[in-house]
Amino acid sequence: MPLLQIVIILIVVGVLLGLVNRYIPMASSIKSILNGVVVIAVVIWLLQLFGVLGSLNNIHIGR
C-alpha cells in the first residue's frame with residue numbers, strides 16, 4: 001500500500017472522528033471510549049500493515 005494512500009486514510013479517519021465528536025451529541029464518557037477504540041484500531045492496523053505486529057489471522061477467540 002503506497003504511503004500516500006495510508007496518509008489519506010488516516011486523514012479521512014481523523015476527519016470522520018472529529019465530525020462525530022463535534023456534531024453527534026453523546027456523553028463525554030462514551031465519546032472517550034469511542035475515541036480510544038478508534039485510536040487503538042488504527043494503531044493495530046498500522047502495526048499490522050508495516051509488519052511489526054505480524055498476522056492477526058492466527059488469533060482465535062473461543063474454540
# chains A, B, ... in the order shown; residues from 1 in each chain; ligands from 1
call {"tool": "residues_around", "arguments": {"residues": "Leu10 (chain A)", "least_positions_apart": "6", "cutoff": "10 Å", "atoms": "only C-alpha atoms", "output": "list of chain:residue names"}}
result
A:Leu4, A:Leu16, A:Val42, A:Leu46
call {"tool": "atom_distance", "arguments": {"atom1": "CA of Gln5 (chain A)", "atom2": "CA of Leu49 (chain A)"}}
result
12.2 Å
call {"tool": "residues_around", "arguments": {"residues": "Gly18 (chain A)", "least_positions_apart": "5", "cutoff": "12 Å", "atoms": "only C-alpha atoms", "output": "PyMOL selection string"}}
result
chain A and resi 11-13+23-24+31+34-35+38
call {"tool": "write_last_selection", "arguments": {"atoms": "C-alpha atoms", "output": "tab-separated table (two decimals), in the first residue's frame"}}
result
chain	number	residue	atom	x	y	z
A	11	ILE	CA	-6.78	11.93	7.39
A	12	VAL	CA	-10.23	10.58	6.48
A	13	VAL	CA	-10.48	8.62	9.73
A	23	TYR	CA	-21.86	17.09	15.66
A	24	ILE	CA	-23.27	13.96	17.32
A	31	LYS	CA	-17.07	9.88	23.40
A	34	LEU	CA	-15.22	5.80	21.03
A	35	ASN	CA	-12.04	7.83	20.57
A	38	VAL	CA	-10.77	4.17	17.04
call {"tool": "select_by_dssp", "arguments": {"residues": "chain A", "states": "alpha helix (DSSP H)", "output": "ChimeraX atom specification"}}
result
/A:3-23,28-49
call {"tool": "atom_distance", "arguments": {"atom1": "CA of Ala41 (chain A)", "atom2": "CA of Val20 (chain A)"}}
result
16.5 Å
call {"tool": "residues_around", "arguments": {"residues": "Val39 (chain A)", "least_positions_apart": "5", "cutoff": "10 Å", "atoms": "only C-alpha atoms", "output": "list in words"}}
result
Val13, Gly14, Leu17, Ile33, Leu34, Ile44 and Trp45 of chain A
call {"tool": "write_last_selection", "arguments": {"atoms": "C-alpha atoms", "output": "PDB file, in the first residue's frame"}}
result
ATOM      1  CA  VAL A  13     -10.484   8.621   9.726  1.00  0.00           C
ATOM      2  CA  GLY A  14      -9.405  11.687  11.702  1.00  0.00           C
ATOM      3  CA  LEU A  17     -13.884  11.065  14.123  1.00  0.00           C
ATOM      4  CA  ILE A  33     -14.466   5.272  24.734  1.00  0.00           C
ATOM      5  CA  LEU A  34     -15.217   5.795  21.032  1.00  0.00           C
ATOM      6  CA  ILE A  44      -3.205  -2.054  15.369  1.00  0.00           C
ATOM      7  CA  TRP A  45      -3.976  -1.625  11.655  1.00  0.00           C
TER       8      TRP A  45
END
call {"tool": "atom_distance", "arguments": {"atom1": "CA of His60 (chain A)", "atom2": "CA of Ile9 (chain A)"}}
result
27.6 Å
